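Q: Got a file for you: target18.txt, compact mmCIF, C-alpha atoms.
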```txt
# COMPACT_ATOMS: atom_id res chain seq x y z
CA MET A 745 -126.37 -6.49 115.31
CA GLN A 746 -123.00 -4.82 115.49
CA LYS A 747 -121.29 -8.10 116.21
CA LYS A 748 -122.91 -9.54 113.17
CA ILE A 749 -121.64 -6.73 110.93
CA VAL A 750 -118.13 -7.03 112.31
CA PHE A 751 -118.22 -10.75 111.81
CA LYS A 752 -119.42 -10.31 108.26
CA ILE A 753 -116.64 -7.85 107.50
CA LEU A 754 -114.05 -10.16 108.96
CA LEU A 755 -115.49 -13.04 107.01
CA SER A 756 -115.38 -11.09 103.79
CA PHE A 757 -111.75 -10.13 104.50
CA ALA A 758 -110.87 -13.74 105.06
CA PHE A 759 -112.74 -14.70 101.93
CA ILE A 760 -110.98 -12.07 99.86
CA THR A 761 -107.55 -13.04 101.13
CA GLN A 762 -108.40 -16.67 100.50
CA ALA A 763 -109.52 -15.89 97.00
CA GLN A 764 -106.46 -13.81 96.32
CA SER A 765 -104.10 -16.41 97.66
CA ALA A 766 -105.88 -18.87 95.48
CA GLU A 767 -105.29 -16.59 92.52
CA SER A 768 -101.65 -15.50 92.87
CA GLY A 769 -101.06 -14.65 96.48
CA GLY A 770 -102.97 -11.33 96.38
CA MET A 771 -100.72 -8.63 97.74
CA PRO A 772 -97.44 -10.46 98.07
CA GLN A 773 -96.40 -8.01 100.77
CA LEU A 774 -98.99 -9.49 103.12
CA ASN A 775 -97.84 -13.03 102.56
CA PRO A 776 -95.85 -13.86 105.69
CA GLU A 777 -94.03 -16.75 104.11
CA PHE A 778 -90.75 -14.84 103.70
CA TRP A 779 -91.18 -12.17 106.36
CA VAL A 780 -88.62 -13.68 108.68
CA SER A 781 -86.19 -14.17 105.83
CA GLN A 782 -86.60 -10.56 104.79
CA ILE A 783 -86.09 -9.33 108.35
CA VAL A 784 -83.00 -11.47 108.79
CA TRP A 785 -81.45 -10.36 105.53
CA LEU A 786 -82.36 -6.76 106.19
CA VAL A 787 -80.60 -6.93 109.54
CA ILE A 788 -77.56 -8.62 107.98
CA THR A 789 -77.20 -6.25 105.04
CA PHE A 790 -78.11 -3.05 106.84
CA GLY A 791 -75.96 -3.99 109.81
CA ALA A 792 -73.01 -4.70 107.55
CA LEU A 793 -73.61 -1.47 105.67
CA TYR A 794 -73.79 0.51 108.90
CA ILE A 795 -70.68 -1.04 110.38
CA VAL A 796 -68.54 -0.63 107.26
CA LEU A 797 -69.77 2.90 106.58
CA SER A 798 -69.37 4.13 110.14
CA LYS A 799 -66.07 2.42 110.88
CA VAL A 800 -64.24 2.62 107.56
CA ILE A 801 -65.69 4.82 104.88
CA LEU A 802 -67.34 7.80 106.55
CA PRO A 803 -64.31 8.69 108.72
CA LYS A 804 -62.21 8.75 105.57
CA ILE A 805 -64.62 11.10 103.81
CA SER A 806 -64.85 13.25 106.92
CA ASP A 807 -61.05 13.38 107.12
CA ASN A 808 -60.89 14.33 103.46
CA LEU A 809 -63.35 17.15 103.94
CA GLU A 810 -61.55 18.32 107.07
CA ILE A 811 -58.19 18.27 105.35
CA ARG A 812 -59.59 20.20 102.42
CA ARG A 813 -61.27 22.75 104.68
CA SER A 814 -58.10 23.31 106.70
CA GLN A 815 -56.09 23.53 103.51
CA ILE A 816 -58.48 26.10 102.11
CA LEU A 817 -58.41 28.06 105.35
CA GLU A 818 -54.63 27.94 105.35
CA ASN A 819 -54.54 29.11 101.77
CA ILE A 820 -56.94 31.91 102.54
CA GLU A 821 -54.78 32.92 105.47
CA ILE A 822 -51.68 32.92 103.32
CA ALA A 823 -53.46 34.86 100.64
CA GLU A 824 -54.62 37.37 103.23
CA LYS A 825 -51.10 37.73 104.55
CA GLN A 826 -49.73 38.19 101.08
CA ARG A 827 -52.39 40.74 100.31
CA GLU A 828 -51.44 42.70 103.40
CA GLU A 829 -47.81 42.43 102.46
CA SER A 830 -48.48 43.64 98.98
CA GLU A 831 -50.56 46.51 100.35
CA GLN A 832 -47.64 47.46 102.56
CA LYS A 833 -45.33 47.20 99.60
CA VAL A 834 -47.63 49.43 97.61
CA LYS A 835 -47.62 51.93 100.46
CA GLU A 836 -43.84 51.82 100.63
CA PHE A 837 -43.66 52.19 96.91
CA GLU A 838 -45.96 55.21 97.03
CA LYS A 839 -43.81 56.69 99.78
CA ILE A 840 -40.73 56.17 97.68
CA ILE A 841 -42.41 57.75 94.72
CA LEU A 842 -43.47 60.71 96.85
CA ASN A 843 -39.97 61.09 98.26
CA SER A 844 -38.39 60.88 94.88
CA LYS A 845 -40.87 63.41 93.57
CA ILE A 846 -39.92 65.79 96.35
CA GLU A 847 -36.27 65.10 95.71
CA ALA A 848 -36.69 65.72 92.03
CA LYS A 849 -38.42 68.98 92.79
CA ASN A 850 -35.59 69.97 95.10
CA ILE A 851 -33.00 69.07 92.53
CA PHE A 852 -34.90 70.99 89.92
CA ASN A 853 -35.16 74.02 92.18
CA GLU A 854 -31.51 73.83 93.08
CA ALA A 855 -30.52 73.56 89.48
CA ARG A 856 -32.71 76.48 88.55
CA GLN A 857 -31.30 78.51 91.40
CA LYS A 858 -27.82 77.66 90.29
CA VAL A 859 -28.55 78.47 86.69
CA LEU A 860 -30.22 81.73 87.66
CA SER A 861 -27.33 82.74 89.87
CA ASP A 862 -24.92 81.73 87.14
CA ILE A 863 -26.80 83.80 84.67
CA ASP A 864 -26.84 86.69 87.10
CA LYS A 865 -23.16 86.35 87.69
CA LYS A 866 -22.37 86.15 84.03
CA ARG A 867 -24.61 89.09 83.29
CA ASN A 868 -23.02 91.11 86.07
CA GLU A 869 -19.60 90.25 84.79
CA LEU A 870 -20.65 91.13 81.31
CA GLU A 871 -22.20 94.38 82.46
CA ASN A 872 -19.12 95.22 84.44
CA SER A 873 -16.82 94.57 81.56
CA LEU A 874 -19.14 96.47 79.28
CA GLU A 875 -19.19 99.38 81.65
CA GLN A 876 -15.46 99.29 81.89
CA GLU A 877 -15.16 99.19 78.18
CA ILE A 878 -17.65 102.00 77.85
CA VAL A 879 -15.74 104.03 80.39
CA SER A 880 -12.46 103.43 78.63
CA ALA A 881 -14.08 104.16 75.29
CA GLU A 882 -15.53 107.35 76.66
CA GLU A 883 -12.13 108.33 78.05
CA GLU A 884 -10.58 107.57 74.73
CA ILE A 885 -13.25 109.63 73.05
CA LYS A 886 -12.65 112.43 75.48
CA ALA A 887 -8.92 112.21 74.95
CA LEU A 888 -9.47 112.06 71.25
CA ASN A 889 -11.84 115.03 71.52
CA THR A 890 -9.38 117.19 73.37
CA SER A 891 -6.44 116.06 71.28
CA SER A 892 -8.40 116.60 68.08
CA ILE A 893 -9.31 120.14 69.16
CA GLU A 894 -5.70 120.81 69.88
CA ASN A 895 -4.70 119.30 66.55
CA ILE A 896 -7.39 121.25 64.75
CA LYS A 897 -6.22 124.38 66.44
CA GLN A 898 -2.64 123.61 65.54
CA ILE A 899 -3.58 122.79 61.99
CA ALA A 900 -5.76 125.89 61.85
CA THR A 901 -2.92 128.04 63.18
CA GLU A 902 -0.41 126.50 60.78
CA THR A 903 -2.64 126.75 57.77
CA SER A 904 -3.68 130.31 58.67
CA SER A 905 -0.05 131.35 59.23
CA ASN A 906 0.89 129.74 55.93
CA LEU A 907 -2.05 131.44 54.23
CA ILE A 908 -1.12 134.77 55.73
CA LYS A 909 2.53 134.31 54.69
CA GLN A 910 1.56 133.57 51.17
CA LEU A 911 -1.01 136.36 51.10
CA ILE A 912 1.03 139.15 52.67
CA GLY A 913 4.49 137.71 52.67
CA GLU A 914 5.31 138.25 56.26
CA GLU A 915 5.31 136.28 59.31
CA ILE A 916 2.87 136.88 62.11
CA SER A 917 3.58 135.52 65.47
CA ARG A 918 2.10 132.18 66.08
CA ASP A 919 0.76 133.20 69.42
CA ASN A 920 -1.56 135.76 67.93
CA ILE A 921 -2.90 133.37 65.44
CA SER A 922 -3.43 130.66 67.98
CA SER A 923 -5.23 133.04 70.32
CA ILE A 924 -7.55 134.06 67.51
CA VAL A 925 -8.08 130.44 66.60
CA ASN A 926 -8.80 129.67 70.22
CA GLU A 927 -11.36 132.43 70.38
CA ILE A 928 -13.10 131.24 67.25
CA ALA A 929 -13.04 127.70 68.46
CA LYS A 930 -14.51 128.78 71.75
CA LYS A 931 -17.26 130.66 69.96
CA GLU A 932 -17.90 127.69 67.72
CA SER A 933 -18.07 125.32 70.66
CA GLU A 934 -20.35 127.74 72.52
CA LYS A 935 -22.56 127.94 69.43
CA ARG A 936 -22.60 124.11 69.24
CA ASP A 937 -23.40 123.91 72.94
CA ASN A 938 -26.21 126.36 72.56
CA VAL A 939 -27.67 124.37 69.73
CA MET B 670 -99.24 -14.32 85.09
CA ALA B 671 -96.75 -11.56 84.34
CA ALA B 672 -99.61 -9.27 83.39
CA ASN B 673 -100.71 -9.13 87.02
CA PRO B 674 -99.38 -5.79 88.32
CA MET B 675 -98.77 -7.31 91.74
CA TYR B 676 -96.65 -10.11 90.37
CA GLN B 677 -93.53 -7.94 90.51
CA PHE B 678 -93.72 -7.88 94.30
CA ASN B 679 -93.52 -11.64 94.64
CA VAL B 680 -90.75 -12.92 96.83
CA TYR B 681 -89.27 -16.24 95.80
CA ARG B 682 -86.44 -18.36 96.98
CA ILE B 683 -83.10 -18.24 95.22
CA GLY B 684 -80.96 -21.30 95.80
CA PRO B 685 -81.50 -23.81 98.57
CA GLU B 686 -83.87 -23.52 101.47
CA ILE B 687 -82.08 -22.37 104.59
CA LYS B 688 -83.74 -23.13 107.89
CA LEU B 689 -82.68 -21.85 111.23
CA GLY B 690 -84.49 -24.10 113.62
CA ASP B 691 -88.07 -23.77 112.58
CA VAL B 692 -87.90 -20.48 110.65
CA ASP B 693 -87.19 -20.10 106.98
CA ILE B 694 -84.38 -17.62 106.29
CA SER B 695 -83.73 -18.64 102.71
CA PHE B 696 -81.96 -16.32 100.34
CA THR B 697 -84.65 -14.67 98.23
CA ASN B 698 -84.79 -12.08 95.48
CA ALA B 699 -85.46 -9.49 98.20
CA SER B 700 -82.27 -10.56 99.94
CA LEU B 701 -80.45 -10.40 96.61
CA PHE B 702 -81.42 -6.79 96.06
CA MET B 703 -80.58 -5.86 99.64
CA VAL B 704 -77.13 -7.32 99.08
CA ILE B 705 -76.79 -5.60 95.70
CA SER B 706 -77.79 -2.22 97.17
CA THR B 707 -75.41 -2.63 100.09
CA LEU B 708 -72.53 -3.64 97.86
CA ALA B 709 -73.27 -0.78 95.45
CA ILE B 710 -73.26 1.75 98.30
CA LEU B 711 -70.05 0.35 99.71
CA LEU B 712 -68.43 0.29 96.26
CA VAL B 713 -69.39 3.87 95.41
CA PHE B 714 -68.39 5.33 98.75
CA ASN B 715 -65.27 3.26 99.05
CA LEU B 716 -64.13 4.55 95.67
CA GLY B 717 -65.15 8.04 96.72
CA ALA B 718 -63.23 7.84 99.97
CA LYS B 719 -60.10 6.15 98.63
CA LYS B 720 -58.60 9.05 96.72
CA LYS B 721 -57.66 11.93 98.91
CA SER B 722 -57.03 14.54 96.27
CA LEU B 723 -57.53 18.16 97.10
CA ILE B 724 -59.57 18.68 93.96
CA PRO B 725 -62.02 15.78 93.88
CA ASP B 726 -62.85 13.75 90.79
CA LYS B 727 -66.43 12.79 89.97
CA ILE B 728 -66.85 9.82 92.30
CA GLN B 729 -65.08 11.54 95.17
CA LEU B 730 -67.27 14.58 94.62
CA LEU B 731 -70.37 12.37 94.68
CA ALA B 732 -69.33 10.80 97.98
CA GLU B 733 -68.39 14.11 99.56
CA LEU B 734 -71.53 15.89 98.35
CA SER B 735 -73.67 13.07 99.76
CA TYR B 736 -71.78 13.31 103.02
CA SER B 737 -72.27 17.04 103.34
CA PHE B 738 -75.88 16.77 102.15
CA VAL B 739 -76.80 14.32 104.91
CA SER B 740 -74.64 16.18 107.41
CA LYS B 741 -76.43 19.44 106.64
CA MET B 742 -79.81 17.72 106.79
CA ILE B 743 -79.05 16.39 110.28
CA SER B 744 -77.62 19.60 111.66
CA ASP B 745 -80.56 21.59 110.22
CA THR B 746 -83.25 19.41 111.75
CA ALA B 747 -81.71 17.87 114.86
CA GLY B 748 -78.88 20.23 115.72
CA THR B 749 -75.32 19.43 116.70
CA LYS B 750 -76.33 16.92 119.37
CA ALA B 751 -77.30 14.49 116.63
CA LYS B 752 -73.73 14.19 115.36
CA PRO B 753 -73.16 10.72 116.88
CA TYR B 754 -76.12 9.37 114.90
CA PHE B 755 -74.79 10.65 111.60
CA SER B 756 -73.50 7.26 110.46
CA PHE B 757 -76.83 5.61 111.13
CA ILE B 758 -78.87 8.23 109.31
CA PHE B 759 -76.42 8.28 106.43
CA SER B 760 -76.63 4.48 106.12
CA LEU B 761 -80.39 4.63 106.37
CA PHE B 762 -80.75 7.30 103.72
CA MET B 763 -78.36 5.55 101.36
CA PHE B 764 -79.90 2.14 101.91
CA VAL B 765 -83.43 3.35 101.22
CA LEU B 766 -82.28 5.48 98.29
CA PHE B 767 -80.32 2.69 96.63
CA CYS B 768 -83.10 0.13 97.21
CA ASN B 769 -85.60 2.56 95.69
CA MET B 770 -83.33 3.32 92.75
CA PHE B 771 -82.49 -0.31 92.04
CA GLY B 772 -86.20 -0.95 92.05
CA MET B 773 -86.51 1.43 89.11
CA ILE B 774 -84.58 -0.95 86.87
CA PRO B 775 -87.08 -3.06 84.88
CA TYR B 776 -87.47 -6.67 86.04
CA SER B 777 -85.70 -5.84 89.28
CA PHE B 778 -87.19 -6.08 92.75
CA THR B 779 -87.96 -3.17 95.03
CA VAL B 780 -86.97 -4.07 98.57
CA THR B 781 -88.71 -1.04 100.05
CA SER B 782 -92.05 -1.95 98.48
CA HIS B 783 -92.51 -4.53 101.20
CA ILE B 784 -94.22 -3.38 104.36
CA ILE B 785 -92.24 -5.76 106.50
CA VAL B 786 -88.93 -4.21 105.47
CA THR B 787 -90.01 -0.62 105.96
CA PHE B 788 -91.81 -1.52 109.17
CA VAL B 789 -88.74 -3.15 110.65
CA LEU B 790 -86.69 -0.07 109.80
CA ALA B 791 -89.32 2.28 111.20
CA ALA B 792 -89.87 0.21 114.32
CA PHE B 793 -86.13 0.10 114.94
CA ILE B 794 -85.98 3.89 114.59
CA PHE B 795 -89.01 4.32 116.84
CA ILE B 796 -87.66 2.08 119.57
CA GLY B 797 -84.18 3.56 119.27
CA VAL B 798 -85.45 7.12 119.45
CA THR B 799 -87.64 6.31 122.45
CA ILE B 800 -84.71 4.69 124.27
CA ILE B 801 -82.48 7.67 123.47
CA GLY B 802 -85.18 10.01 124.73
CA PHE B 803 -85.52 8.18 128.04
CA ILE B 804 -81.75 7.95 128.47
CA LYS B 805 -81.27 11.64 127.81
CA HIS B 806 -84.21 13.00 129.81
CA GLY B 807 -85.28 10.16 132.07
CA LEU B 808 -88.97 10.28 132.85
CA GLY B 809 -88.91 13.93 131.78
CA TYR B 810 -89.16 12.58 128.24
CA LEU B 811 -92.84 12.04 128.97
CA LYS B 812 -93.21 15.82 128.89
CA LEU B 813 -93.17 15.35 125.13
CA PHE B 814 -96.84 14.40 125.47
CA VAL B 815 -97.71 17.53 127.43
CA PRO B 816 -97.35 20.58 125.21
CA SER B 817 -96.77 23.81 127.07
CA GLY B 818 -99.33 26.59 126.98
CA VAL B 819 -102.37 24.34 126.68
CA PRO B 820 -105.43 25.11 128.86
CA MET B 821 -105.98 22.61 131.66
CA VAL B 822 -109.39 21.73 130.28
CA LEU B 823 -107.97 20.55 126.99
CA LEU B 824 -104.94 18.84 128.50
CA PRO B 825 -106.34 15.29 128.84
CA LEU B 826 -107.49 15.34 125.25
CA ILE B 827 -104.22 16.78 123.97
CA VAL B 828 -102.16 14.24 125.88
CA VAL B 829 -104.17 11.38 124.41
CA ILE B 830 -103.77 12.79 120.93
CA GLU B 831 -100.05 13.29 121.42
CA ILE B 832 -99.61 9.74 122.64
CA ILE B 833 -101.54 8.36 119.69
CA SER B 834 -99.57 10.45 117.25
CA TYR B 835 -96.32 9.35 118.86
CA LEU B 836 -97.27 5.69 118.75
CA SER B 837 -98.42 5.95 115.15
CA ARG B 838 -95.02 7.25 114.04
CA PRO B 839 -93.55 3.89 113.03
CA ILE B 840 -96.71 3.00 111.16
CA SER B 841 -96.90 6.27 109.27
CA LEU B 842 -93.20 6.17 108.53
CA SER B 843 -93.23 2.63 107.20
CA VAL B 844 -96.54 2.83 105.35
CA ARG B 845 -95.54 6.08 103.65
CA LEU B 846 -92.49 4.53 102.05
CA PHE B 847 -94.05 1.18 101.33
CA ALA B 848 -97.25 2.62 99.85
CA ASN B 849 -95.41 5.12 97.67
CA MET B 850 -93.16 2.45 96.26
CA MET B 851 -95.90 -0.09 95.75
CA ALA B 852 -98.34 2.36 94.19
CA GLY B 853 -95.77 3.78 91.81
CA HIS B 854 -94.55 0.42 90.63
CA THR B 855 -98.08 -0.95 90.28
CA MET B 856 -99.09 2.07 88.22
CA MET B 857 -96.11 1.71 85.95
CA LYS B 858 -96.93 -1.95 85.49
CA VAL B 859 -100.56 -1.13 84.70
CA PHE B 860 -99.63 1.46 82.11
CA GLY B 861 -97.07 -0.94 80.66
CA GLY B 862 -99.86 -3.47 80.35
CA PHE B 863 -102.03 -0.89 78.56
CA VAL B 864 -99.24 -0.29 76.05
CA VAL B 865 -99.18 -4.00 75.21
CA SER B 866 -102.93 -4.47 75.11
CA LEU B 867 -103.65 -1.36 73.02
CA GLY B 868 -100.94 -2.28 70.53
CA VAL B 869 -99.32 -0.13 67.86
CA VAL B 870 -102.42 1.97 67.25
CA GLY B 871 -103.48 3.09 70.70
CA GLY B 872 -100.43 2.23 72.75
CA TRP B 873 -98.63 5.54 72.31
CA LEU B 874 -100.63 7.45 74.87
CA PRO B 875 -100.00 5.06 77.77
CA LEU B 876 -96.43 4.68 76.56
CA SER B 877 -95.78 8.41 76.83
CA PHE B 878 -97.54 8.34 80.17
CA SER B 879 -95.32 5.49 81.23
CA VAL B 880 -92.21 7.46 80.28
CA ALA B 881 -93.39 10.46 82.29
CA LEU B 882 -94.28 8.17 85.16
CA THR B 883 -90.78 6.72 85.16
CA GLY B 884 -89.35 10.18 85.66
CA LEU B 885 -91.85 10.85 88.42
CA GLU B 886 -91.04 7.54 90.10
CA ILE B 887 -87.31 8.32 90.09
CA LEU B 888 -88.16 11.60 91.78
CA VAL B 889 -90.39 9.78 94.27
CA ALA B 890 -87.66 7.23 94.92
CA PHE B 891 -85.29 10.00 95.93
CA LEU B 892 -87.93 12.00 97.74
CA GLN B 893 -89.16 9.10 99.85
CA ALA B 894 -85.64 8.22 100.89
CA TYR B 895 -85.14 11.86 101.83
CA VAL B 896 -88.44 12.01 103.71
CA PHE B 897 -87.64 8.80 105.54
CA ALA B 898 -84.26 10.16 106.62
CA ILE B 899 -85.51 13.60 107.54
CA LEU B 900 -88.41 12.24 109.59
CA THR B 901 -85.90 10.09 111.43
CA CYS B 902 -83.93 13.29 112.10
CA ILE B 903 -87.05 15.03 113.37
CA TYR B 904 -87.89 12.16 115.72
CA LEU B 905 -84.29 12.20 116.88
CA ASN B 906 -84.57 15.92 117.44
CA ASP B 907 -87.61 15.34 119.68
CA ALA B 908 -85.61 12.86 121.70
CA LEU B 909 -82.44 14.96 121.93
CA ASN B 910 -83.83 18.45 122.39
CA LEU B 911 -87.06 18.27 124.33
CA HIS B 912 -88.90 21.37 123.18
CA HIS B 913 -92.24 20.98 124.88
```
Have the structure of the file written as structure tokens, please.

A:
Amino acid sequence: MQKKIVFKILLSFAFITQAQSAESGGMPQLNPEFWVSQIVWLVITFGALYIVLSKVILPKISDNLEIRRSQILENIEIAEKQREESEQKVKEFEKIILNSKIEAKNIFNEARQKVLSDIDKKRNELENSLEQEIVSAEEEIKALNTSSIENIKQIATETSSNLIKQLIGEEISRDNISSIVNEIAKKESEKRDNV
Amino acid sequence: MAANPMYQFNVYRIGPEIKLGDVDISFTNASLFMVISTLAILLVFNLGAKKKSLIPDKIQLLAELSYSFVSKMISDTAGTKAKPYFSFIFSLFMFVLFCNMFGMIPYSFTVTSHIIVTFVLAAFIFIGVTIIGFIKHGLGYLKLFVPSGVPMVLLPLIVVIEIISYLSRPISLSVRLFANMMAGHTMMKVFGGFVVSLGVVGGWLPLSFSVALTGLEILVAFLQAYVFAILTCIYLNDALNLHH
């Protein structure tokens, strides 16, 4: 029974393939007419492709990629180095700026100190000279004061002696008059002092 | 005859019949498109590799991006041990991709839509990977069929399943690519036929569908090349780094 079925199936397969080949070859893939030719040409073309690619072309591409990669790595290295250098430069620059800032501060302080001391000196000098002038002025005033009192006294004595001469016609000794004038002046000065 | 959606897969002789002994190795349209794809790959990548400028132009960028794309794919799936096989996987990926893409040009021929082509590629990969596995690990490569941490009771079953799955790799690899290509191209042909048969009145719907399908097929063309290459990487990974 089973054998019969298998036989029938096989028969039908054969029939179908026969019918198809009668029509237009059925599935051309299953037509073995050119199988060997296809295998031979596949081996020739694929073999040639493999040999040329592996021996000539792929090494070139691989070299290209390698060269590019190494170039890029080199460039990255250089860039890294330059970055480090520039960072160092920036640090140096900042140091310089800091130093110069400190220096500027110092200079400023020095200058201020100098100016202040100069001012002090000048002021001291000025004060000294002023004091001296004041002292001399005071002395002058004092001298003037004493001399003026003397003059006033003299004038007072002279005028009073003249007045007396004209009033009574006789001369009174100058000493008397001056002593009186002195007394009055003393009183006056005492009065002024009291006030 | 041209209305038959399978007609596009016909292989026919171009030029004289070449016979090597008893076998026919004539130059066919399939051979023509293999040669065209190969020459196109070599042209593009030769141009891309010729200039060695630091800042790449478009074609150089294309070549270098493809290189790093495949390189990344291999190192991601198979690790650094797979470096010696880079050229092979690169060639494989590019060959399948260009054959798929040239197949997208109307009236052209899709090399990868033939089971024999994809099967030869897959069988070569399978045999190569198996040989590499045995060279690297000796008979220890057979441990691939014995997953660790499986109960003893289940082991015979698991081993059988593993062996079957290993042996079916070339078939699944080749059929996946072939079937995707064939189905896509057949469908496009069918919808193209609908456009003609429905005429000006009703042809717009299948036409728009055909346009969308073209975009999808270009995606599939890339994706299947990628899948083919990445599965190769995974098989290679099994052979190089025995994980079980």

Q: What separation in Å, quoted to one decimal, exists between CA of Leu836 (chain B) and CA of Val680 (chain B)?

A: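 About the pair CA of Leu836 (chain B) and CA of Val680 (chain B): they are 29.5 Å apart.
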
Q: Given all atoms listed in the file as the basis, pick out the residue of B:Pro753, B:Ile830, B:Lys721, B:Met850 nearest to Glu810 (chain A).

A: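 Ranking B:Pro753, B:Ile830, B:Lys721, B:Met850 by distance to Glu810 (chain A), first place goes to B:Lys721.
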
Q: Considering all atoms listed in the file, can you say which of B:Leu712, B:Ser722, B:Arg845, B:Arg682 comes closest to Gln815 (chain A)?

A: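 Nearest to Gln815 (chain A): B:Ser722.
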
Q: Select, as JSON, numbers by chain, those residues of chain A with any atom no more than 6 Å from chain B (distances computed using only C-alpha atoms).

A: {"A": [772, 773, 781, 785, 793, 794, 798, 804, 805]}

Q: So which one's closest to Ile774 (chain B), B:Leu689, B:Ile743, B:Leu808, B:Ala890? Using all atoms listed in the file, please.

A: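 Of B:Leu689, B:Ile743, B:Leu808, B:Ala890, the one nearest Ile774 (chain B), counting all atoms listed in the file, is B:Ala890.
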
Q: Show me, as a PyMOL selection string, the residues that have an atom within 9 Å of region 918-930 of chain A when counting all atoms listed in the file, minus same-chain residues fewer than 2 positions from it.

A: chain A and resi 893+897-898+900-902+904-905+915-916+932-935

Q: Each side padded by 3 Å, which centre and which edge lengths in Å (one decimal) define the axis-aligned box around the listed atoms of region 873-882 of chain A? Give them as AutoDock Vina command-line options.

A:
```
--center_x -15.8 --center_y 101.0 --center_z 78.6 --size_x 12.7 --size_y 18.8 --size_z 12.6
```

Q: What does the distance between CA of Lys865 (chain A) and CA of Lys845 (chain A) come to in Å, to one decimal place?

A: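 According to the coordinates, CA of Lys865 (chain A) and CA of Lys845 (chain A) are separated by 29.6 Å.
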
Q: When you draw a straight line from CA of Val844 (chain B) to CA of Lys812 (chain B), how long is it in Å?

A: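 So the answer is 27.1 Å.
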
Q: Between A:Asn868, A:Asn938, A:Asn775, A:Ser806, which has the minimum distance to Ser735 (chain B) (counting all atoms listed in the file)?

A: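 Using all atoms listed in the file, Ser735 (chain B) sits closest to A:Ser806.
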